[in-house]
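Peer 1: Structure file structure12.cif (mmCIF, C-alpha atoms) is given on the next line.
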data_work
#
loop_
_atom_site.label_atom_id
_atom_site.label_comp_id
_atom_site.auth_asym_id
_atom_site.auth_seq_id
_atom_site.Cartn_x
_atom_site.Cartn_y
_atom_site.Cartn_z
CA MET R 14 33.94 138.77 100.20
CA THR R 15 37.30 138.56 101.96
CA ARG R 16 40.68 139.76 100.68
CA VAL R 17 44.05 140.69 102.16
CA LEU R 18 44.92 144.38 102.16
CA ARG R 19 48.39 145.82 101.47
CA ASP R 20 48.96 146.39 105.20
CA GLY R 21 48.45 142.67 105.83
CA ARG R 22 44.99 142.92 107.39
CA VAL R 23 41.90 141.17 106.09
CA TYR R 24 39.11 143.14 104.45
CA ARG R 25 35.60 141.71 104.72
CA GLY R 26 32.91 142.95 102.38
CA ASP R 27 30.38 143.14 105.21
CA MET R 28 32.48 145.67 107.14
CA GLY R 29 30.20 148.47 108.31
CA ALA R 30 30.50 152.05 107.06
CA SER R 31 31.90 153.29 110.37
CA ALA R 32 34.54 150.54 110.43
CA ARG R 33 35.58 151.33 106.85
CA LYS R 34 35.83 155.02 107.71
CA ALA R 35 37.96 154.26 110.78
CA HIS R 36 40.21 152.03 108.66
CA ARG R 37 40.74 154.78 106.08
CA THR R 38 41.41 157.30 108.84
CA ARG R 39 44.06 155.09 110.44
CA ARG R 40 45.77 154.62 107.08
CA GLN R 41 45.73 158.33 106.38
CA ASP R 42 47.15 159.09 109.83
CA VAL R 43 50.14 156.84 109.07
CA LEU R 44 50.68 158.49 105.69
CA ASP R 45 50.40 161.96 107.22
CA GLN R 46 53.29 161.04 109.51
CA GLY R 47 55.41 160.32 106.44
CA LYS R 48 55.55 156.60 107.17
CA THR R 49 55.09 153.69 104.81
CA LEU R 50 52.02 151.48 104.90
CA SER R 51 53.66 148.76 102.85
CA LYS R 52 54.46 145.41 104.40
CA ARG R 53 56.46 144.39 101.33
CA THR R 54 60.01 143.20 101.96
CA PHE R 55 63.02 145.09 100.65
CA GLY R 56 66.78 145.08 100.87
CA ALA R 57 69.43 147.75 100.37
CA GLU R 58 72.97 147.65 98.97
CA ILE R 59 75.00 150.69 100.03
CA GLU R 60 78.25 151.30 98.15
CA TYR R 61 80.83 153.50 99.89
CA HIS R 62 84.49 154.46 99.90
CA SER R 63 86.71 155.77 102.66
CA GLU R 64 90.17 157.07 103.33
CA GLY R 65 93.05 156.30 105.66
CA ALA R 66 92.36 153.93 108.53
CA VAL R 67 88.65 153.48 107.81
CA THR R 68 88.93 149.91 106.56
CA LYS R 69 86.22 147.36 105.91
CA GLY R 70 87.10 145.69 109.20
CA VAL R 71 86.64 148.96 111.10
CA VAL R 72 83.31 149.65 109.39
CA ALA R 73 82.11 146.14 110.28
CA GLU R 74 83.04 146.67 113.94
CA ARG R 75 81.17 150.00 114.06
CA LEU R 76 78.07 148.49 112.47
CA GLU R 77 78.22 145.50 114.79
CA ALA R 78 78.31 147.78 117.85
CA ALA R 79 75.34 149.81 116.58
CA LEU R 80 73.19 146.85 115.52
CA GLY R 81 74.07 144.54 118.39
CA GLU R 82 74.72 141.60 116.06
CA HIS R 83 77.54 140.12 114.02
CA VAL R 84 78.29 141.77 110.67
CA HIS R 85 79.85 139.54 108.02
CA VAL R 86 82.61 140.62 105.64
CA THR R 87 82.96 138.68 102.38
CA GLY R 88 84.41 138.77 98.91
CA TYR R 89 82.10 139.45 95.99
CA HIS R 90 78.99 137.36 96.74
CA GLY R 91 81.19 135.33 99.09
CA GLN R 92 79.59 132.52 101.08
CA SER R 93 81.97 132.54 104.05
CA CYS R 94 82.83 135.38 106.42
CA LEU R 95 86.38 136.77 106.54
CA ARG R 96 85.86 137.70 110.20
CA CYS R 97 84.24 134.61 111.73
CA GLY R 98 84.69 131.93 109.05
CA GLY R 99 80.99 131.10 109.21
CA ALA R 100 78.51 130.66 106.38
CA VAL R 101 76.88 133.80 105.02
CA GLY R 102 73.21 133.95 104.08
CA TYR R 103 70.52 136.61 103.70
CA ASP R 104 69.71 136.88 107.42
CA LYS R 105 72.44 139.29 108.58
CA TRP R 106 74.07 142.53 107.53
CA LYS R 107 77.29 142.05 105.58
CA ILE R 108 79.95 144.03 103.72
CA GLU R 109 80.96 142.68 100.32
CA HIS R 110 83.79 143.45 97.95
CA ASP R 111 82.71 145.52 94.92
CA GLY R 112 85.11 145.65 92.00
CA SER R 113 83.53 148.81 90.55
CA LEU R 114 84.81 150.86 93.50
CA HIS R 115 88.40 152.08 93.47
CA GLY R 116 90.20 151.96 96.80
CA SER R 117 93.23 150.54 98.54
CA GLY R 118 93.85 147.37 100.51
CA HIS R 119 92.27 143.93 100.30
CA GLY R 120 89.90 141.90 102.43
CA LEU R 121 89.37 143.40 105.87
CA ALA R 122 91.92 146.12 105.04
CA SER R 123 89.99 147.36 101.98
CA THR R 124 88.84 151.00 102.05
CA THR R 125 85.77 150.40 99.86
CA GLY R 126 82.79 148.11 100.10
CA GLU R 127 79.12 147.44 99.64
CA VAL R 128 77.02 147.14 102.78
CA VAL R 129 74.23 144.64 102.11
CA SER R 130 71.17 144.42 104.34
CA PRO R 131 69.24 141.32 105.33
CA VAL R 132 65.59 141.18 104.32
CA LEU R 133 63.85 144.24 105.80
CA THR R 134 60.17 145.08 106.11
CA GLY R 135 58.07 148.20 106.61
CA GLN R 136 58.80 151.16 108.85
CA ALA R 137 60.86 149.02 111.24
CA GLY R 138 63.16 148.11 108.35
CA LEU R 139 63.52 151.75 107.39
CA GLU R 140 64.46 152.68 110.97
CA THR R 141 67.18 150.03 110.96
CA LEU R 142 68.48 151.41 107.66
CA LYS R 143 68.53 154.89 109.22
CA LEU R 144 70.77 153.59 112.02
CA VAL R 145 73.12 151.91 109.54
CA LEU R 146 73.48 155.03 107.37
CA ALA R 147 74.22 157.18 110.43
CA THR R 148 76.80 154.66 111.64
CA LEU R 149 78.52 154.63 108.26
CA ARG R 150 78.75 158.43 108.26
CA ASP R 151 80.11 158.46 111.81
CA ALA R 152 82.67 155.79 110.89
CA GLY R 153 84.04 157.99 108.10
CA ALA R 154 82.45 156.34 105.07
CA LYS R 155 82.04 158.60 102.04
CA ILE R 156 80.16 158.60 98.74
CA ASN R 157 81.52 159.48 95.30
CA ASN R 158 80.14 159.30 91.78
CA ARG R 159 81.15 155.65 91.41
CA CYS R 160 78.86 154.62 94.27
CA GLY R 161 75.30 153.39 93.90
CA PHE R 162 72.40 152.63 96.21
CA HIS R 163 70.59 149.52 94.99
CA VAL R 164 67.22 148.39 96.32
CA HIS R 165 65.70 144.92 96.01
CA VAL R 166 61.92 144.73 96.41
CA GLY R 167 60.20 141.46 97.31
CA ALA R 168 58.15 140.15 94.38
CA ARG R 169 57.37 136.50 95.15
CA ASP R 170 53.67 137.33 95.45
CA LEU R 171 53.49 138.92 92.00
CA ASP R 172 51.66 136.77 89.48
CA GLN R 173 52.22 137.19 85.74
CA ASP R 174 49.54 139.89 85.48
CA SER R 175 51.10 141.89 88.34
CA LEU R 176 54.56 141.56 86.83
CA ALA R 177 53.20 142.70 83.48
CA ARG R 178 51.67 145.79 85.10
CA LEU R 179 54.98 146.60 86.84
CA VAL R 180 56.96 146.19 83.61
CA THR R 181 54.52 148.34 81.66
CA ALA R 182 54.40 151.10 84.30
CA TYR R 183 58.18 151.17 84.61
CA SER R 184 58.71 151.23 80.85
CA VAL R 185 56.22 154.06 80.37
CA HIS R 186 57.56 156.16 83.27
CA GLU R 187 61.28 155.33 83.07
CA ARG R 188 62.39 158.80 81.97
CA GLN R 189 60.36 160.36 84.78
CA ILE R 190 61.91 157.99 87.32
CA TYR R 191 65.43 158.86 86.15
CA SER R 192 64.59 162.57 86.48
CA LEU R 193 64.85 161.97 90.25
CA LEU R 194 68.57 161.20 89.87
CA PRO R 195 71.79 163.09 89.06
CA ARG R 196 72.49 163.30 85.33
CA GLY R 197 75.51 161.01 85.66
CA ARG R 198 73.24 158.12 86.69
CA ARG R 199 71.14 158.47 83.54
CA THR R 200 73.96 157.17 81.36
CA ASN R 201 75.76 155.01 83.92
CA ARG R 202 76.86 151.66 82.47
CA PHE R 203 75.91 149.82 85.67
CA CYS R 204 72.26 150.91 85.48
CA TYR R 205 71.29 151.41 81.84
CA GLN R 206 67.87 152.77 81.09
CA TRP R 207 65.79 150.23 79.21
CA SER R 208 65.17 152.84 76.51
CA SER R 209 68.92 153.07 75.78
CA TYR R 210 69.86 149.42 76.42
CA PHE R 211 67.14 148.30 74.01
CA TYR R 212 67.74 151.30 71.75
CA ARG R 213 66.61 149.56 68.55
CA ARG R 214 63.46 148.17 70.10
CA THR R 215 60.02 149.73 70.39
CA PRO R 216 58.50 150.15 73.88
CA ASP R 217 56.15 147.26 73.10
CA ASP R 218 59.14 145.08 72.16
CA VAL R 219 60.90 145.89 75.45
CA GLN R 220 57.82 145.07 77.49
CA ARG R 221 57.43 141.79 75.61
CA ILE R 222 61.09 140.82 76.25
CA ALA R 223 60.72 141.61 79.96
CA LYS R 224 57.46 139.69 80.29
CA ASN R 225 58.96 136.69 78.48
CA PHE R 226 61.92 136.66 80.89
CA LEU R 227 59.66 136.84 83.94
CA GLY R 228 57.65 134.00 82.43
CA GLY R 229 60.76 131.81 82.33
CA HIS R 230 62.14 132.47 78.86
CA GLY R 231 65.43 134.07 77.78
CA GLY R 232 68.00 135.99 79.79
CA TRP R 233 68.37 139.44 81.34
CA ASP R 234 71.34 141.80 81.77
CA LYS R 235 71.74 142.75 85.42
CA TYR R 236 73.18 146.17 84.54
CA THR R 237 69.81 147.71 83.75
CA GLY R 238 68.03 150.28 85.93
CA LEU R 239 65.24 147.84 86.72
CA ASN R 240 67.08 144.53 86.93
CA LEU R 241 64.71 141.59 86.62
CA SER R 242 67.32 138.82 86.85
CA PRO R 243 67.01 138.24 90.65
CA TYR R 244 63.32 137.40 90.26
CA ARG R 245 63.98 133.83 89.16
CA ARG R 246 66.72 133.26 91.74
CA ILE R 247 65.51 134.95 94.96
CA GLY R 248 62.08 136.39 94.13
CA THR R 249 63.01 140.07 94.03
CA VAL R 250 63.31 142.83 91.44
CA GLU R 251 66.27 145.19 91.79
CA PHE R 252 66.21 148.93 91.18
CA ARG R 253 69.87 149.82 90.50
CA MET R 254 69.67 153.40 89.26
CA HIS R 255 69.87 155.44 92.46
CA SER R 256 73.12 157.29 93.14
CA GLY R 257 75.16 156.44 96.21
CA THR R 258 73.83 158.02 99.38
CA LEU R 259 74.25 158.00 103.14
CA ASN R 260 71.34 160.45 103.48
CA PHE R 261 68.38 158.73 105.09
CA LYS R 262 65.81 161.26 103.88
CA LYS R 263 66.76 160.46 100.27
CA ALA R 264 66.95 156.72 100.90
CA GLU R 265 63.60 156.60 102.71
CA ALA R 266 61.75 158.54 100.01
CA TRP R 267 63.23 156.34 97.28
CA ILE R 268 62.34 153.07 99.02
CA GLN R 269 58.81 154.26 99.85
CA PHE R 270 58.34 155.20 96.20
CA LEU R 271 59.51 151.77 94.97
CA LEU R 272 57.36 149.88 97.48
CA GLY R 273 54.35 151.94 96.42
CA LEU R 274 55.03 151.23 92.76
CA VAL R 275 55.20 147.46 93.29
CA ASP R 276 52.20 147.42 95.64
CA ALA R 277 50.14 149.33 93.08
CA SER R 278 51.16 146.78 90.42
CA VAL R 279 49.86 143.96 92.61
CA ASP R 280 46.57 145.72 93.34
CA ALA R 281 45.77 146.20 89.63
CA THR R 282 44.99 149.88 90.14
CA ASP R 283 43.63 151.69 87.12
CA GLY R 284 45.78 154.44 85.70
CA LEU R 285 49.21 153.26 86.89
CA ALA R 286 50.66 153.24 83.37
CA THR R 287 48.62 156.15 82.00
CA THR R 288 49.01 158.76 84.75
CA ASP R 289 51.05 161.86 83.91
CA LYS R 290 53.05 161.92 87.15
CA LEU R 291 53.71 158.60 88.81
CA TRP R 292 54.28 159.63 92.44
CA ASP R 293 51.29 162.01 92.48
CA TYR R 294 49.17 159.06 91.40
CA LEU R 295 50.62 156.87 94.17
CA ILE R 296 49.84 159.60 96.71
CA ARG R 297 46.24 159.93 95.53
CA GLU R 298 45.77 156.15 95.73
CA LYS R 299 47.23 156.01 99.29
CA TYR R 300 50.41 154.12 98.42
CA LEU R 301 52.76 156.98 99.26
CA PRO R 302 52.92 159.74 101.92
CA LYS R 303 52.45 163.28 100.65
CA LYS R 304 55.71 164.25 102.38
CA THR R 305 57.54 161.73 100.22
CA GLY R 306 56.09 163.32 97.10
CA GLU R 307 57.47 166.67 98.24
CA VAL R 308 60.94 165.14 98.61
CA LEU R 309 60.71 163.64 95.13
CA ASP R 310 59.53 166.94 93.61
CA ALA R 311 62.49 168.72 95.21
CA ARG R 312 64.87 166.17 93.69
CA VAL R 313 63.46 166.70 90.20
CA ALA R 314 64.01 170.44 90.61
CA GLN R 315 67.54 169.88 91.95
CA TYR R 316 68.65 167.69 89.05
CA SER R 317 66.83 169.48 86.21
CA HIS R 318 69.66 171.98 85.64
#
Could you express the structure from this file as structure tokens?
Peer 2:
Amino acid sequence: MTRVLRDGRVYRGDMGASARKAHRTRRQDVLDQGKTLSKRTFGAEIEYHSEGAVTKGVVAERLEAALGEHVHVTGYHGQSCLRCGGAVGYDKWKIEHDGSLHGSGHGLASTTGEVVSPVLTGQAGLETLKLVLATLRDAGAKINNRCGFHVHVGARDLDQDSLARLVTAYSVHERQIYSLLPRGRRTNRFCYQWSSYFYRRTPDDVQRIAKNFLGGHGGWDKYTGLNLSPYRRIGTVEFRMHSGTLNFKKAEAWIQFLLGLVDASVDATDGLATTDKLWDYLIREKYLPKKTGEVLDARVAQYSH
């Protein structure tokens, strides 16, 4: 028997006991370092505001110097760059206009924006995100309660059964997931909880609506915590509920948690929807570093008051 593992390697059923033990040891060593094992793609959208001379053009220049590549600036979902005039795709970092953020100026002179990553993967992607967040802080970018940190997770490989498991696990654990966030995010109109958006529906109804959408039927409101609408268009699911942050420790733990959740949905692991505490389960099943669980526990304690 041959199958592809989450880390991209091939598992063969005739692998000897010593080889299997060495494989498990290598995986555990990576987790013990607090690193992700997931090879799943992801993308980040970082909303920020600034003051004075810290304009979108200045932020783009700072990011460009740090990354060593051109950074586009566009209008909302713009397809041409205000700096170079070239076409804008998903292969480079860019800064978009975001109408939900209140600032001054327009275009390159705007003091607010949303930094959008290209497609990132694994620990290397997280390290690039770390550089970007540090550069934004150094440039003078700030976060307020209007800012969000949205994460897209690659889902093209999810079949209908995997999608159903993800929808069920999210629906069951939604309140627990929101306990990781400031109270203001739990009622934010740009990232409604499913339980409040579908307030007259039973949990089974909500899961059925979501599964029908993912199967090609009906529509979906993007302003939900787990936004399914990008799945049909670009093959991702978007987690919109996280508060704005320039703190890499918070961002890393959140992304590792989301990657683990989606990976576990693909692998059809037993207990994903029935476990009492979602991230403890992901740690036990080797989807999540223990250090990440400690960060998540600390956040629950921080926002429980």
Peer 1: Run the PyMOL selection byres ((chain R and resi 220) around 12) mentally over the shown coordinates, then write out the matched residues as a list in words, using the chain letters and numbers from the document.
Peer 2: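 With the shown file as input, the PyMOL selection byres ((chain R and resi 220) around 12) matches Leu176, Ala177, Arg178, Leu179, Val180, Thr181, Ala182, Tyr183, Ser184, Val185, Trp207, Ser208, Phe211, Arg214, Thr215, Pro216, Asp217, Asp218, Val219, Arg221, Ile222, Ala223, Lys224, Asn225, Phe226, Leu227 and Leu241 of chain R.
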Peer 1: Quick check on the file I pasted: which residues fall under the PyMOL selection byres ((chain R and resi 149) around 12)? Write them as a ChimeraX atom specification.
Peer 2: /R:59-63,67-69,71-80,108,125-128,142-148,150-156,258-261
Peer 1: Exactly which residues make up the result of the PyMOL selection byres ((chain R and resi 246) around 12) on this file, given as an MDAnalysis selection string?
Peer 2: chainID R and resid 167:169 227 229 241:245 247:251
Peer 1: Given the choices R:Val84, R:Thr237, R:Tyr212, R:Arg53, which gets closest to Gly99 of chain R if the distance is worked out from only C-alpha atoms?
Peer 2: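 Among the listed residues, R:Val84 lies closest to Gly99 of chain R.
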Peer 1: By how many Å are atom CA of Gly135 of chain R and atom CA of His85 of chain R apart?
Peer 2: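 One can read the atom CA of Gly135 of chain R to atom CA of His85 of chain R distance as 23.5 Å.
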